[in-house]
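Data block below; observations after.
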Amino acid sequence: MRRKLRQILQAGVMFAISFGAPHFSWAQPPTVWERAFSYNDIYHFVGHPFESADFQNIKSIEQTFQCECDHLNRIILSFYLKPKRKGQLKFELFSSEDGGHALFSKMISVQNLSDPKKIGTHNLSGTLYQIWTSPLKRSKGKTYSWKLSSDPESAAAGVGVFLTTKNNSQLRPARVGAAVQDHTYAAFYSYCKYEMDVDRILGTAASRLGREPVFLTGYFFLMTGVGVFAWKENKKG
Amino acid sequence: MPQKFNYKQWLLIGLLLRLAVMPFTLHGDVLFINRLPHLFLHGEWDAYGVSFREFDSGYYPPLILLFLALFQWVAAFFSSGFESFLHALSDHSVKDLLDSSALFQSVFLMKAPYLFFDGLILWAGAQIIKSESAWKYFLASWALNPLVIYSSYMLGQFDLTASAMVVLSFYLILKKGKEHWACLFASFGVLLKLYPLVLFPVLVLIGARNIKDGIRLSCYAIGPVVFLYGVFFAISGKPVFWILSVFSSNLDPGFTPEKLILRICQAAVYFFVCLHIFISPKDQLNYEKLNRYFLLVFFAVFWGMPINQTHYFIWMIPFLTFISACNKAWRKPALGLILLIFLNGFRARSSAFGIFAPLNPEFFLSLPSLQDATGFLFDQSWYDWGMGWIYKLATFGMVAVLIKGLWEELPRPLRKKS
């Protein structure tokens, strides 16, 4: 009975893994491993996000950002959607070092975006759309730009992104349409895949602990004192 | 299990568990909590105005602002690193703060005052619980309580401060001649975290001997709140109340059929508690009965709150622990409820493994949270809905048991009449 139950559970998990969660959209389906361990580098759905103009009018939005981790592999865009929406958007990712060539591009069908829902704790209704790229090695410290533009052959309408005026040292003001808008940034997230390396994990922790020797020595004595006191009580008992 | 160790050992085990996590765990909330008191300490009297204008947010009630400012002033004498860390809270990102060279000591010091309030709760518990085995159970449950350790000493939320004030008022309201102190402590609780406001009518009804006495006790409860809020309102104006705009079903004025049912249920429970206090003979009132009144009020309040905000549930934990200590039948359901709430706290990465970010931010914040797992296997909204309903049904059952017990305790003629 127990064995059977285990088999059913395993089959369920394998089923879920092989199909992925239905409410996400993928540029390319990542493995479970790639999805599970990722570091949130930019979290910029903050402040009071507001709707940009419709892509029908502005045609494109470009956001430049500095990545602070290696293996950049995911960008989550926030869209607002109108009931009547159509066309296609082209997503492109550029590196400042790469002479204007797109590192990655993907077409997004506006009609296929999932219906708007409340986003996080904000009283805003929209859709978060995940774009996965293969991990970009040594992305730490490099400057990238993502650009969303309306497809000339199938112009996008009834869709736009959320913007915010909240500052972030990793972001440059967004280019909305033809002009760069001061103090305006796209509300989006970016993630890097975390590469598991036991030496690096322990090394980082050790070096961080090593920065506060005086405090940690005192703390160690305090903990030992409390522990010894409790142990002595046990002996008394 | 509680019998394995003596009182002192349980106390030390509790202390050890708290100390073990204090310097190595961090959540953004504790940074937010400490930012404004530091500005206030450095002469920014219009702290609420600054928070509203510059950070787009409100802040908690004024007493916690004053208390933390005072604590920071004292602690800065012992650690200059702590002072610079607090300075950096206003204009540095969490990422920068995680790279501070005084991170562990600062995080430790920010949570240190909670130990005092933990102690206050235990002191009051020792005064209230007379049975030795019940007291040992209370102490052991408190020492090992995952919600208290996680919410206060890992997340760094300060709900324990208000909870201690409520426990003190719970203890004092049945002490003859000290009812006004009970109302005063409840008032301090409101000035720390607002929620004890719901207990004012309950406390006044229990403590007052007549209408005049009721008015006197109400003044003790409301006076300090009006005074301190008045002072800060005179300085900052409306931003003092901005915290009320934070999302909560209990404060959301929106009207839906679901909310109407919620309000009716909450009002019915509250009305029952007040009526029961009013018609019960005063000489039959004891801590066990009072505890059931408090629990009923808390259960009703929590029906309107999101289950994943684990720190709110600290308001209720002393009373849930008390009923489990005194009544063995409550032990398993209470433990189940605590575990259900505790497991719902690990939704975001920053509050799951990510809480250990001070040790290695990239690694710990990269590890999946409960939401990542549940959101992968099912639609996350189904999971949230299901957990919310499990919680609500469990507490509905508990409320029914409590009400039935209180009803049966009413003197017979009263039961017939009503």
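Here's how to read the names in the structure tokens: chain A, B, ... by the order shown, residue numbers from 1 in each chain, ligand numbers from 1 in the order shown.
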Write out as a PyMOL selection string every residue belonging to chain B that has an atom at most 8 Å from any atom of chain A, counting only C-alpha atoms. chain B and resi 5-6+8-9+12-13+15-16+19-20+56+101-102+104-105+247+359-360+362-363+365-368+372+375-379
Residue subset to file, keeping C-alpha atoms, as a compact mmCIF listing (two decimals), in the first residue's frame:
# COMPACT_ATOMS: atom_id res chain seq x y z
CA PHE B 5 13.99 19.46 32.23
CA ASN B 6 13.50 21.81 35.15
CA LYS B 8 15.63 26.98 34.74
CA GLN B 9 16.65 24.64 31.95
CA LEU B 12 17.87 28.60 29.23
CA ILE B 13 16.86 26.41 26.29
CA LEU B 15 17.15 31.75 25.53
CA LEU B 16 19.68 29.61 23.68
CA LEU B 19 20.25 33.77 20.76
CA ALA B 20 21.26 31.14 18.20
CA ASP B 56 5.97 56.45 0.59
CA SER B 101 30.97 45.28 8.26
CA ALA B 102 28.78 45.52 11.39
CA PHE B 104 25.77 40.58 12.61
CA GLN B 105 26.06 42.80 15.68
CA PHE B 247 -3.87 46.34 3.24
CA LEU B 359 25.64 34.53 6.08
CA ASN B 360 25.63 34.36 2.28
CA GLU B 362 23.32 35.05 -3.00
CA PHE B 363 23.14 31.45 -1.85
CA LEU B 365 18.20 34.00 -1.36
CA SER B 366 18.58 31.59 -4.30
CA LEU B 367 17.01 28.67 -2.44
CA PRO B 368 13.35 27.98 -3.21
CA ASP B 372 8.07 28.11 -5.23
CA GLY B 375 3.32 27.26 -7.09
CA PHE B 376 5.19 24.69 -9.16
CA LEU B 377 2.96 21.78 -8.25
CA PHE B 378 -0.43 23.55 -8.26
CA ASP B 379 -1.90 26.90 -9.10
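The protein and nucleic acid residues lying at most 10 Å from B:His87 are Arg35, His38, Leu39, His42, Gly81, Phe82 and His92 of chain B, with only C-alpha atoms considered and sequence neighbours fewer than 5 positions away removed.
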Output the selection as an mmCIF file, in the first residue's frame - C-alpha atoms for each residue.
data_model
loop_
_atom_site.group_PDB
_atom_site.id
_atom_site.type_symbol
_atom_site.label_atom_id
_atom_site.label_comp_id
_atom_site.auth_asym_id
_atom_site.auth_seq_id
_atom_site.Cartn_x
_atom_site.Cartn_y
_atom_site.Cartn_z
ATOM 1 C CA ARG B 35 14.757 53.236 10.137
ATOM 2 C CA HIS B 38 16.815 56.464 14.066
ATOM 3 C CA LEU B 39 15.755 59.556 12.140
ATOM 4 C CA HIS B 42 18.703 62.433 15.256
ATOM 5 C CA GLY B 81 29.111 49.877 14.133
ATOM 6 C CA PHE B 82 25.439 49.687 15.086
ATOM 7 C CA HIS B 92 21.189 52.371 1.308
#
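Considering only C-alpha atoms, the residue among A:Asp115, A:Leu77, A:Lys147, A:Thr217 positioned nearest to A:Ala102 is A:Lys147.
For the set B:Ser133, B:Leu228, B:Phe313, B:Pro306, the residue with the smallest atom-to-atom gap to B:Val190 is B:Leu228, counting only C-alpha atoms.
Once B:Leu343 and its same-chain neighbours fewer than 3 positions away are set aside, Asn308, Thr310, Ile338, Leu339, Leu340, Phe346, Arg347 and Leu370 of chain B remain within 9 Å of it when counting only C-alpha atoms.
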Written selection (N, CA and C atoms) as a tab-separated table (two decimals), in the first residue's frame:
chain	number	residue	atom	x	y	z
B	308	ASN	N	-0.61	34.18	6.07
B	308	ASN	CA	0.85	34.14	5.88
B	308	ASN	C	1.60	35.21	6.67
B	310	THR	N	2.70	35.66	9.66
B	310	THR	CA	2.84	34.87	10.90
B	310	THR	C	2.99	35.73	12.15
B	338	ILE	N	-0.66	26.10	15.36
B	338	ILE	CA	0.63	26.82	15.33
B	338	ILE	C	1.47	26.35	14.14
B	339	LEU	N	1.48	25.05	13.90
B	339	LEU	CA	2.28	24.52	12.78
B	339	LEU	C	1.71	24.98	11.43
B	340	LEU	N	0.39	25.03	11.35
B	340	LEU	CA	-0.25	25.48	10.11
B	340	LEU	C	0.14	26.92	9.80
B	346	PHE	N	6.53	30.68	5.24
B	346	PHE	CA	7.68	30.53	4.33
B	346	PHE	C	7.34	30.79	2.87
B	347	ARG	N	6.47	31.70	2.62
B	347	ARG	CA	6.04	31.91	1.24
B	347	ARG	C	7.13	32.52	0.37
B	370	LEU	N	8.58	27.97	0.09
B	370	LEU	CA	7.38	27.12	0.05
B	370	LEU	C	6.51	27.47	-1.17
